[in-house]
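Next comes model18.pdb, with PDB, C-alpha atoms.
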ATOM      1  CA  MET L   1      14.016 -16.320  21.101
ATOM      2  CA  ILE L   2      14.812 -13.534  23.544
ATOM      3  CA  PRO L   3      14.035 -10.138  21.971
ATOM      4  CA  THR L   4      16.640  -7.383  21.951
ATOM      5  CA  PRO L   5      15.726  -3.961  23.398
ATOM      6  CA  ASP L   6      15.556  -2.655  19.791
ATOM      7  CA  MET L   7      13.010  -5.322  18.857
ATOM      8  CA  VAL L   8      10.852  -4.452  21.869
ATOM      9  CA  LEU L   9      11.079  -0.733  21.012
ATOM     10  CA  THR L  10      10.045  -1.348  17.401
ATOM     11  CA  GLN L  11       6.887  -3.064  18.619
ATOM     12  CA  LEU L  12       6.127  -0.455  21.283
ATOM     13  CA  ARG L  13       6.486   2.465  18.854
ATOM     14  CA  LYS L  14       3.691   1.165  16.638
ATOM     15  CA  GLY L  15       0.541   3.163  17.206
ATOM     16  CA  VAL L  16       2.207   5.423  19.781
ATOM     17  CA  VAL L  17       4.760   7.665  18.073
ATOM     18  CA  GLU L  18       2.205   9.389  15.836
ATOM     19  CA  TYR L  19       0.407  10.619  18.966
ATOM     20  CA  CYS L  20       3.719  11.856  20.389
ATOM     21  CA  VAL L  21       4.077  13.914  17.181
ATOM     22  CA  LEU L  22       0.575  15.314  17.703
ATOM     23  CA  ALA L  23       1.446  16.059  21.344
ATOM     24  CA  CYS L  24       4.509  18.072  20.235
ATOM     25  CA  LEU L  25       2.155  20.231  18.153
ATOM     26  CA  ARG L  26      -0.389  20.741  20.943
ATOM     27  CA  THR L  27       0.775  24.221  21.925
ATOM     28  CA  ALA L  28       2.184  25.573  18.659
ATOM     29  CA  PRO L  29       3.002  24.582  15.066
ATOM     30  CA  ALA L  30       6.536  23.268  14.526
ATOM     31  CA  TYR L  31       8.787  22.502  11.545
ATOM     32  CA  GLY L  32      10.326  19.144  10.670
ATOM     33  CA  LEU L  33      13.808  19.526  12.111
ATOM     34  CA  GLU L  34      12.384  20.909  15.342
ATOM     35  CA  LEU L  35      10.086  17.893  15.736
ATOM     36  CA  ALA L  36      12.827  15.465  14.716
ATOM     37  CA  GLU L  37      15.217  16.853  17.329
ATOM     38  CA  ARG L  38      12.580  16.743  20.050
ATOM     39  CA  LEU L  39      11.384  13.228  19.336
ATOM     40  CA  GLY L  40      14.665  11.731  18.174
ATOM     41  CA  ALA L  41      16.909  13.078  20.935
ATOM     42  CA  ASP L  42      17.516   9.734  22.669
ATOM     43  CA  ARG L  43      16.426   7.447  19.811
ATOM     44  CA  THR L  44      13.706   5.867  21.906
ATOM     45  CA  LEU L  45      10.688   7.237  20.084
ATOM     46  CA  LEU L  46      12.358   7.454  16.649
ATOM     47  CA  THR L  47      14.906   4.984  15.294
ATOM     48  CA  SER L  48      16.495   7.967  13.520
ATOM     49  CA  GLU L  49      15.330  11.500  12.732
ATOM     50  CA  GLY L  50      14.475  10.647   9.109
ATOM     51  CA  THR L  51      11.836   8.092  10.147
ATOM     52  CA  LEU L  52       9.670  11.003  11.312
ATOM     53  CA  TYR L  53       8.860  12.099   7.754
ATOM     54  CA  PRO L  54       6.820   9.170   6.389
ATOM     55  CA  LEU L  55       4.847   9.441   9.641
ATOM     56  CA  LEU L  56       4.216  13.176   9.148
ATOM     57  CA  SER L  57       3.074  12.511   5.589
ATOM     58  CA  ARG L  58       0.523   9.967   6.851
ATOM     59  CA  LEU L  59      -0.716  12.346   9.550
ATOM     60  CA  ARG L  60      -1.230  15.004   6.889
ATOM     61  CA  GLN L  61      -3.066  12.608   4.561
ATOM     62  CA  GLN L  62      -5.224  11.547   7.505
ATOM     63  CA  GLY L  63      -6.181  15.196   8.079
ATOM     64  CA  TRP L  64      -4.694  15.318  11.597
ATOM     65  CA  VAL L  65      -2.078  17.941  10.681
ATOM     66  CA  THR L  66      -1.826  20.587   7.975
ATOM     67  CA  THR L  67       1.352  22.040   6.510
ATOM     68  CA  THR L  68       2.288  25.608   5.644
ATOM     69  CA  GLN L  69       5.481  26.748   3.964
ATOM     70  CA  VAL L  70       6.957  29.719   5.845
ATOM     71  CA  ALA L  71      10.024  31.765   4.805
ATOM     72  CA  SER L  72      12.841  31.684   7.348
ATOM     73  CA  ALA L  73      15.050  34.668   8.159
ATOM     74  CA  VAL L  74      18.114  32.476   8.755
ATOM     75  CA  GLY L  75      17.873  29.726   6.169
ATOM     76  CA  PRO L  76      15.691  27.907   3.656
ATOM     77  CA  PRO L  77      11.867  28.059   3.908
ATOM     78  CA  ARG L  78      10.347  25.818   6.556
ATOM     79  CA  ARG L  79       7.336  23.530   6.315
ATOM     80  CA  TYR L  80       5.358  24.068   9.513
ATOM     81  CA  TYR L  81       3.054  21.334  10.782
ATOM     82  CA  GLU L  82      -0.064  22.352  12.638
ATOM     83  CA  LEU L  83      -2.620  20.275  14.544
ATOM     84  CA  THR L  84      -6.158  20.221  13.082
ATOM     85  CA  THR L  85      -9.335  19.985  15.198
ATOM     86  CA  GLU L  86      -9.584  16.330  14.258
ATOM     87  CA  GLY L  87      -5.948  15.756  15.207
ATOM     88  CA  ARG L  88      -6.525  17.422  18.562
ATOM     89  CA  ALA L  89      -9.552  15.198  19.216
ATOM     90  CA  ALA L  90      -7.523  12.097  18.250
ATOM     91  CA  LEU L  91      -4.779  13.165  20.662
ATOM     92  CA  GLU L  92      -7.283  13.632  23.502
ATOM     93  CA  THR L  93      -8.736  10.158  22.945
ATOM     94  CA  PHE L  94      -5.257   8.660  22.864
ATOM     95  CA  THR L  95      -4.103  10.510  25.999
ATOM     96  CA  ALA L  96      -7.083   9.285  28.033
ATOM     97  CA  THR L  97      -6.709   5.706  26.763
ATOM     98  CA  TRP L  98      -2.950   5.736  27.250
ATOM     99  CA  ALA L  99      -3.355   6.700  30.915
ATOM    100  CA  ARG L 100      -5.555   3.636  31.508
ATOM    101  CA  PHE L 101      -3.270   1.407  29.466
ATOM    102  CA  THR L 102      -0.032   2.412  31.200
ATOM    103  CA  ALA L 103      -1.645   2.214  34.647
ATOM    104  CA  ASP L 104      -2.660  -1.390  33.944
ATOM    105  CA  VAL L 105       0.723  -2.253  32.447
ATOM    106  CA  ARG L 106       2.531  -0.790  35.449
ATOM    107  CA  THR L 107       0.350  -2.669  37.924
ATOM    108  CA  THR L 108       0.823  -5.911  36.017
ATOM    109  CA  LEU L 109       4.594  -5.542  35.672
ATOM    110  CA  GLU L 110       5.156  -4.704  39.329
ATOM    111  CA  PRO L 111       6.580  -7.664  41.211
TER     112      PRO L 111
ATOM    113  CA  MET K   1      13.871  23.908  -1.136
ATOM    114  CA  THR K   2      17.029  25.969  -1.115
ATOM    115  CA  ALA K   3      19.022  27.623  -3.864
ATOM    116  CA  THR K   4      22.279  26.517  -2.204
ATOM    117  CA  PRO K   5      23.482  23.264  -3.779
ATOM    118  CA  PHE K   6      23.880  20.307  -1.422
ATOM    119  CA  PRO K   7      27.270  18.655  -0.874
ATOM    120  CA  PRO K   8      27.605  15.593  -3.183
ATOM    121  CA  LEU K   9      27.298  13.288  -0.146
ATOM    122  CA  VAL K  10      23.851  14.684   0.637
ATOM    123  CA  GLU K  11      22.732  14.610  -3.006
ATOM    124  CA  ALA K  12      23.774  10.951  -3.213
ATOM    125  CA  TYR K  13      21.862  10.223   0.015
ATOM    126  CA  LEU K  14      18.703  11.865  -1.344
ATOM    127  CA  ALA K  15      18.971   9.879  -4.585
ATOM    128  CA  ASP K  16      19.379   6.687  -2.517
ATOM    129  CA  LEU K  17      16.365   7.614  -0.420
ATOM    130  CA  ASP K  18      14.272   8.181  -3.530
ATOM    131  CA  ARG K  19      15.263   4.713  -4.781
ATOM    132  CA  ALA K  20      14.624   3.112  -1.383
ATOM    133  CA  LEU K  21      11.119   4.609  -1.391
ATOM    134  CA  SER K  22      10.296   3.301  -4.884
ATOM    135  CA  ASP K  23       7.836   0.753  -3.450
ATOM    136  CA  ALA K  24       6.206   3.260  -1.089
ATOM    137  CA  ASP K  25       2.898   5.043  -1.523
ATOM    138  CA  PRO K  26       3.671   7.717  -4.207
ATOM    139  CA  ARG K  27       2.355  10.666  -2.169
ATOM    140  CA  GLU K  28       4.218   9.548   0.942
ATOM    141  CA  ARG K  29       7.361   9.064  -1.154
ATOM    142  CA  ALA K  30       7.199  12.597  -2.598
ATOM    143  CA  GLU K  31       6.377  14.237   0.733
ATOM    144  CA  THR K  32       9.029  12.300   2.640
ATOM    145  CA  LEU K  33      11.664  13.172   0.078
ATOM    146  CA  ALA K  34      10.740  16.891   0.094
ATOM    147  CA  ALA K  35      10.660  17.003   3.902
ATOM    148  CA  VAL K  36      14.008  15.190   4.275
ATOM    149  CA  ARG K  37      15.497  17.608   1.714
ATOM    150  CA  GLU K  38      14.275  20.535   3.818
ATOM    151  CA  HIS K  39      15.561  18.907   6.993
ATOM    152  CA  ALA K  40      19.005  18.503   5.409
ATOM    153  CA  ALA K  41      19.013  22.083   4.090
ATOM    154  CA  GLU K  42      18.088  23.507   7.502
ATOM    155  CA  SER K  43      20.578  21.296   9.322
ATOM    156  CA  LEU K  44      23.419  22.140   6.902
ATOM    157  CA  ALA K  45      22.601  25.853   7.203
ATOM    158  CA  ARG K  46      23.196  25.488  10.950
ATOM    159  CA  HIS K  47      26.234  23.241  10.970
ATOM    160  CA  GLY K  48      28.010  24.118   7.709
ATOM    161  CA  THR K  49      28.298  22.303   4.418
ATOM    162  CA  ASP K  50      31.707  20.626   4.832
ATOM    163  CA  ASP K  51      31.920  16.839   4.606
ATOM    164  CA  ASP K  52      32.028  16.338   8.380
ATOM    165  CA  SER K  53      28.844  18.344   8.882
ATOM    166  CA  ALA K  54      27.172  16.534   5.967
ATOM    167  CA  ARG K  55      28.106  13.164   7.504
ATOM    168  CA  ARG K  56      26.712  14.236  10.856
ATOM    169  CA  VAL K  57      23.436  15.410   9.310
ATOM    170  CA  LEU K  58      23.051  12.151   7.378
ATOM    171  CA  ASP K  59      23.928  10.102  10.448
ATOM    172  CA  GLU K  60      21.139  11.800  12.396
ATOM    173  CA  LEU K  61      18.669  11.246   9.558
ATOM    174  CA  GLY K  62      19.543   7.548   9.623
ATOM    175  CA  SER K  63      19.923   4.982   6.866
ATOM    176  CA  VAL K  64      17.624   5.314   3.845
ATOM    177  CA  ASP K  65      16.432   1.749   4.405
ATOM    178  CA  THR K  66      15.343   2.554   7.973
ATOM    179  CA  ILE K  67      13.314   5.501   6.663
ATOM    180  CA  ALA K  68      11.840   3.444   3.825
ATOM    181  CA  ALA K  69      10.849   0.735   6.328
ATOM    182  CA  GLU K  70       8.568   3.286   8.026
ATOM    183  CA  ALA K  71       6.789   4.187   4.784
ATOM    184  CA  THR K  72       3.461   2.695   3.745
ATOM    185  CA  PRO K  73       3.833   0.294   0.788
ATOM    186  CA  ALA K  74       2.087   1.415  -2.396
ATOM    187  CA  THR K  75      -1.328  -0.177  -2.927
ATOM    188  CA  PRO K  76      -0.662  -2.943  -5.442
ATOM    189  CA  ALA K  77      -2.706  -2.778  -8.632
ATOM    190  CA  PRO K  78      -5.154  -5.699  -8.733
ATOM    191  CA  ALA K  79      -3.413  -8.475 -10.665
ATOM    192  CA  PRO K  80      -5.489  -9.843 -13.530
ATOM    193  CA  ARG K  81      -6.483 -13.410 -12.631
ATOM    194  CA  PRO K  82      -7.514 -15.829 -15.373
ATOM    195  CA  GLY K  83     -10.636 -16.767 -13.374
ATOM    196  CA  ALA K  84     -11.633 -13.106 -13.107
ATOM    197  CA  ALA K  85     -11.631 -12.568 -16.885
ATOM    198  CA  PRO K  86     -15.081 -11.630 -18.204
ATOM    199  CA  THR K  87     -16.968 -14.475 -19.823
ATOM    200  CA  PRO K  88     -17.123 -13.982 -23.607
ATOM    201  CA  ALA K  89     -20.666 -13.773 -25.023
ATOM    202  CA  ALA K  90     -19.742 -16.592 -27.449
ATOM    203  CA  ASP K  91     -19.517 -19.105 -24.560
ATOM    204  CA  VAL K  92     -22.899 -18.046 -23.182
ATOM    205  CA  TRP K  93     -24.496 -18.516 -26.638
ATOM    206  CA  LEU K  94     -22.733 -21.844 -26.913
ATOM    207  CA  VAL K  95     -24.497 -23.105 -23.765
ATOM    208  CA  VAL K  96     -27.800 -21.658 -25.012
ATOM    209  CA  LEU K  97     -27.389 -23.541 -28.302
ATOM    210  CA  ALA K  98     -26.575 -26.776 -26.447
ATOM    211  CA  VAL K  99     -29.683 -26.396 -24.247
ATOM    212  CA  VAL K 100     -31.840 -25.630 -27.299
ATOM    213  CA  SER K 101     -30.431 -28.756 -28.976
ATOM    214  CA  LEU K 102     -31.823 -30.774 -26.023
ATOM    215  CA  GLY K 103     -35.320 -29.534 -26.878
ATOM    216  CA  LEU K 104     -34.723 -30.112 -30.598
ATOM    217  CA  PHE K 105     -32.940 -33.436 -30.221
ATOM    218  CA  VAL K 106     -35.035 -34.945 -32.972
ATOM    219  CA  VAL K 107     -33.037 -32.599 -35.239
ATOM    220  CA  PRO K 108     -29.492 -33.697 -34.245
ATOM    221  CA  VAL K 109     -27.896 -31.104 -36.533
ATOM    222  CA  VAL K 110     -28.301 -28.491 -33.762
ATOM    223  CA  ALA K 111     -26.693 -30.828 -31.195
ATOM    224  CA  ALA K 112     -23.881 -31.681 -33.613
ATOM    225  CA  ALA K 113     -23.282 -27.961 -34.227
ATOM    226  CA  ALA K 114     -23.125 -27.321 -30.449
ATOM    227  CA  VAL K 115     -20.648 -30.191 -29.944
ATOM    228  CA  VAL K 116     -18.395 -29.061 -32.790
ATOM    229  CA  TRP K 117     -18.466 -25.399 -31.725
ATOM    230  CA  ALA K 118     -17.731 -26.322 -28.081
ATOM    231  CA  ALA K 119     -14.818 -28.541 -29.176
ATOM    232  CA  VAL K 120     -13.389 -25.737 -31.332
ATOM    233  CA  ARG K 121     -13.678 -23.208 -28.458
ATOM    234  CA  LEU K 122     -12.058 -25.638 -26.001
ATOM    235  CA  ARG K 123      -9.166 -26.308 -28.371
ATOM    236  CA  SER K 124      -8.592 -22.575 -28.854
ATOM    237  CA  GLY K 125      -7.893 -22.263 -25.106
ATOM    238  CA  ALA K 126      -9.740 -18.925 -24.946
ATOM    239  CA  GLY K 127     -12.883 -17.912 -23.068
ATOM    240  CA  ASN K 128     -14.685 -19.628 -20.208
ATOM    241  CA  ARG K 129     -13.661 -23.296 -20.265
ATOM    242  CA  THR K 130     -16.280 -24.347 -17.734
ATOM    243  CA  LEU K 131     -19.117 -23.077 -19.960
ATOM    244  CA  GLN K 132     -17.486 -24.708 -22.976
ATOM    245  CA  ARG K 133     -17.333 -28.081 -21.176
ATOM    246  CA  VAL K 134     -20.959 -27.728 -20.034
ATOM    247  CA  ALA K 135     -22.045 -26.978 -23.629
ATOM    248  CA  LEU K 136     -20.021 -29.959 -24.901
ATOM    249  CA  ALA K 137     -21.670 -32.271 -22.351
ATOM    250  CA  ILE K 138     -25.236 -31.049 -23.017
ATOM    251  CA  GLY K 139     -24.686 -31.129 -26.801
ATOM    252  CA  GLY K 140     -23.215 -34.634 -26.479
ATOM    253  CA  VAL K 141     -26.189 -35.899 -24.437
ATOM    254  CA  SER K 142     -28.598 -34.345 -26.954
ATOM    255  CA  PHE K 143     -26.784 -35.936 -29.912
ATOM    256  CA  VAL K 144     -26.563 -39.369 -28.252
ATOM    257  CA  GLY K 145     -30.290 -39.103 -27.392
ATOM    258  CA  ALA K 146     -31.131 -38.373 -31.034
ATOM    259  CA  VAL K 147     -28.999 -41.296 -32.253
ATOM    260  CA  ALA K 148     -30.582 -43.622 -29.658
ATOM    261  CA  LEU K 149     -34.086 -42.520 -30.703
ATOM    262  CA  PHE K 150     -33.229 -43.106 -34.371
ATOM    263  CA  ALA K 151     -31.769 -46.528 -33.574
ATOM    264  CA  SER K 152     -34.829 -47.579 -31.546
ATOM    265  CA  HIS K 153     -37.083 -46.551 -34.456
ATOM    266  CA  VAL K 154     -35.025 -48.564 -36.924
ATOM    267  CA  LEU K 155     -34.968 -51.633 -34.643
ATOM    268  CA  ALA K 156     -38.686 -51.335 -33.905
ATOM    269  CA  GLY K 157     -39.447 -50.970 -37.625
TER     270      GLY K 157
END
Here is a file; write its structure as structure tokens.
Amino acid sequence: MIPTPDMVLTQLRKGVVEYCVLACLRTAPAYGLELAERLGADRTLLTSEGTLYPLLSRLRQQGWVTTTQVASAVGPPRRYYELTTEGRAALETFTATWARFTADVRTTLEP
Amino acid sequence: MTATPFPPLVEAYLADLDRALSDADPRERAETLAAVREHAAESLARHGTDDDSARRVLDELGSVDTIAAEATPATPAPAPRPGAAPTPAADVWLVVLAVVSLGLFVVPVVAAAAVVWAAVRLRSGAGNRTLQRVALAIGGVSFVGAVALFASHVLAG
């Protein structure tokens, strides 16, 4: 069977997208819609914006992010996600490993 | 959470999402639902609450099944297995009685009692059947031994 691009993407997202969420929070806390728009813009990292939320829940339960409810001047209150020290350390490990991984993949895929 | 009511389309979507997440981890289900609700409220506040805007917001969120597919399944409760049932004390005593009857095989009443009790327990279908069979076998051997001993005495006499 020849896989479709969607099937390949589904496999590639596993174990990667959660670190992309952490990376989005590296410089400042962000709220759900903000993260969803950033990560879901071209539907490569997220199948759809809603798929971000089970992932965020797991990151929170894992202790990699914390949430704070903040009142918004323009609309309903927002749940802000913030990186914890542990989450930051996990992101650093992933970033270093990812660099090695992608370098090897690139070299291998090159004709 | 917002005080502004959602358009019926969005309310129906949230109800569908809740149903789609029924097999998910309960905490993840509650958090996902609350976060998607907030996402929808924020998005509708930006784009308006007419049907077209609602459709657009829901389209960006994606199908409820796609979201549910990303959720962690709830940890299943350990299913009670018949083999895992605790052994009733009665079956342990039954084996003890059968073993004792081996030592007291000159008094076959004990062996006969073990055999009868084991047969009754086996027929009831309850408890540990392996222990019941073991007790039946030991009791049987003890009883047959006693009968054989009696017979040899009679023949020798």
For the file shown, what are the residues hit by the PyMOL selection byres ((chain K) within 9 of (chain L)), laid out as number ranges by chain? K: 1-4, 27-29, 31-33, 35-36, 38-43, 45-46, 58-64, 66-72
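The coordinates place atom CA of Thr67 of chain L at 18.1 Å from atom CA of Ala89 of chain L.
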Ground truth for the PyMOL selection byres ((chain K and resi 127-131) around 7), written as a tab-separated table (two decimals) with C-alpha atoms, in the coordinates of the input:
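Once written, out.tsv looks like this:
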chain	number	residue	atom	x	y	z
K	87	THR	CA	-16.97	-14.48	-19.82
K	88	PRO	CA	-17.12	-13.98	-23.61
K	91	ASP	CA	-19.52	-19.10	-24.56
K	95	VAL	CA	-24.50	-23.10	-23.76
K	122	LEU	CA	-12.06	-25.64	-26.00
K	125	GLY	CA	-7.89	-22.26	-25.11
K	126	ALA	CA	-9.74	-18.92	-24.95
K	132	GLN	CA	-17.49	-24.71	-22.98
K	133	ARG	CA	-17.33	-28.08	-21.18
K	134	VAL	CA	-20.96	-27.73	-20.03
K	135	ALA	CA	-22.04	-26.98	-23.63
For Leu35 of chain L, work out the shell of residues within 8 Å, counting only C-alpha atoms and skipping chain neighbours fewer than 5 positions away, then give it as JSON, numbers by chain. {"L": [21, 24, 30]}
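Proximity to Leu59 of chain L was assessed for L:Ala28, L:Leu91, L:Leu22, L:Val16 counting all atoms listed in the file; the smallest distance is recorded for L:Leu22.
Straight-line separation from atom CA of Ala74 of chain K to atom CA of Asp23 of chain K: 5.9 Å.
In this comparison, which uses all atoms listed in the file, the residue of L:Leu45, L:Val105, L:Leu25, L:Ala96 approaching Tyr80 of chain L most closely is L:Leu25.
Of the listed residues (L:Gln11, L:Thr108, L:Thr44, L:Thr66), L:Thr66 comes nearest to Glu86 of chain L; the distances count all atoms listed in the file.
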Around all listed atoms of segment 118-125 of chain K, padded 3 Å per side, what centre and edge lengths does the axis-aligned box have in Å to one decimal, as AutoDock Vina command-line options?
--center_x -12.8 --center_y -25.4 --center_z -28.2 --size_x 15.8 --size_y 12.3 --size_z 12.2
Atomic separation - atom CA of Thr102 of chain L relative to atom CA of Thr10 of chain L, Å: 17.5 Å
Give as JSON, numbers by chain every residue, naming chains and numbers as the document does, that has an atom within 12 Å of (-24.2, -31.8, -26.2), counting all atoms listed in the file. {"K": [94, 95, 96, 97, 98, 99, 100, 101, 102, 103, 104, 105, 108, 109, 110, 111, 112, 113, 114, 115, 116, 117, 118, 119, 131, 132, 133, 134, 135, 136, 137, 138, 139, 140, 141, 142, 143, 144, 145, 146]}
Could you write segment 133-153 of chain K of the block just shown to a file containing N, CA and C atoms, as a short mmCIF file (atom, residue, chain, number, x, y, z; two decimals), in the first residue's frame?
data_model
loop_
_atom_site.label_atom_id
_atom_site.label_comp_id
_atom_site.auth_asym_id
_atom_site.auth_seq_id
_atom_site.Cartn_x
_atom_site.Cartn_y
_atom_site.Cartn_z
N ARG K 133 -10.99 -30.67 42.86
CA ARG K 133 -10.62 -31.91 42.16
C ARG K 133 -9.48 -32.63 42.88
N VAL K 134 -8.51 -31.80 43.36
CA VAL K 134 -7.36 -32.37 44.09
C VAL K 134 -7.87 -33.09 45.34
N ALA K 135 -8.79 -32.42 46.07
CA ALA K 135 -9.33 -33.01 47.31
C ALA K 135 -10.08 -34.30 46.99
N LEU K 136 -10.83 -34.28 45.88
CA LEU K 136 -11.60 -35.47 45.47
C LEU K 136 -10.64 -36.63 45.19
N ALA K 137 -9.55 -36.33 44.47
CA ALA K 137 -8.59 -37.37 44.11
C ALA K 137 -7.91 -37.94 45.36
N ILE K 138 -7.42 -37.04 46.24
CA ILE K 138 -6.72 -37.52 47.45
C ILE K 138 -7.67 -38.33 48.33
N GLY K 139 -8.89 -37.79 48.52
CA GLY K 139 -9.91 -38.47 49.33
C GLY K 139 -10.22 -39.84 48.75
N GLY K 140 -10.32 -39.89 47.40
CA GLY K 140 -10.62 -41.14 46.69
C GLY K 140 -9.53 -42.17 46.93
N VAL K 141 -8.26 -41.72 46.78
CA VAL K 141 -7.11 -42.62 46.97
C VAL K 141 -7.14 -43.17 48.40
N SER K 142 -7.38 -42.24 49.36
CA SER K 142 -7.40 -42.63 50.77
C SER K 142 -8.49 -43.68 51.04
N PHE K 143 -9.66 -43.45 50.46
CA PHE K 143 -10.80 -44.35 50.67
C PHE K 143 -10.52 -45.72 50.05
N VAL K 144 -9.99 -45.70 48.80
CA VAL K 144 -9.69 -46.96 48.11
C VAL K 144 -8.62 -47.73 48.90
N GLY K 145 -7.63 -46.98 49.44
CA GLY K 145 -6.57 -47.60 50.25
C GLY K 145 -7.16 -48.31 51.46
N ALA K 146 -8.10 -47.64 52.12
CA ALA K 146 -8.73 -48.20 53.32
C ALA K 146 -9.52 -49.47 52.97
N VAL K 147 -10.25 -49.39 51.84
CA VAL K 147 -11.04 -50.56 51.40
C VAL K 147 -10.11 -51.72 51.07
N ALA K 148 -9.00 -51.41 50.35
CA ALA K 148 -8.03 -52.44 49.96
C ALA K 148 -7.42 -53.09 51.20
N LEU K 149 -7.08 -52.27 52.20
CA LEU K 149 -6.49 -52.78 53.44
C LEU K 149 -7.47 -53.72 54.15
N PHE K 150 -8.75 -53.27 54.19
CA PHE K 150 -9.79 -54.08 54.83
C PHE K 150 -9.94 -55.42 54.12
N ALA K 151 -9.97 -55.34 52.77
CA ALA K 151 -10.15 -56.54 51.95
C ALA K 151 -8.98 -57.51 52.18
N SER K 152 -7.76 -56.99 52.22
CA SER K 152 -6.59 -57.86 52.38
C SER K 152 -6.62 -58.54 53.76
N HIS K 153 -7.13 -57.81 54.77
CA HIS K 153 -7.27 -58.41 56.10
C HIS K 153 -8.26 -59.56 56.10
#
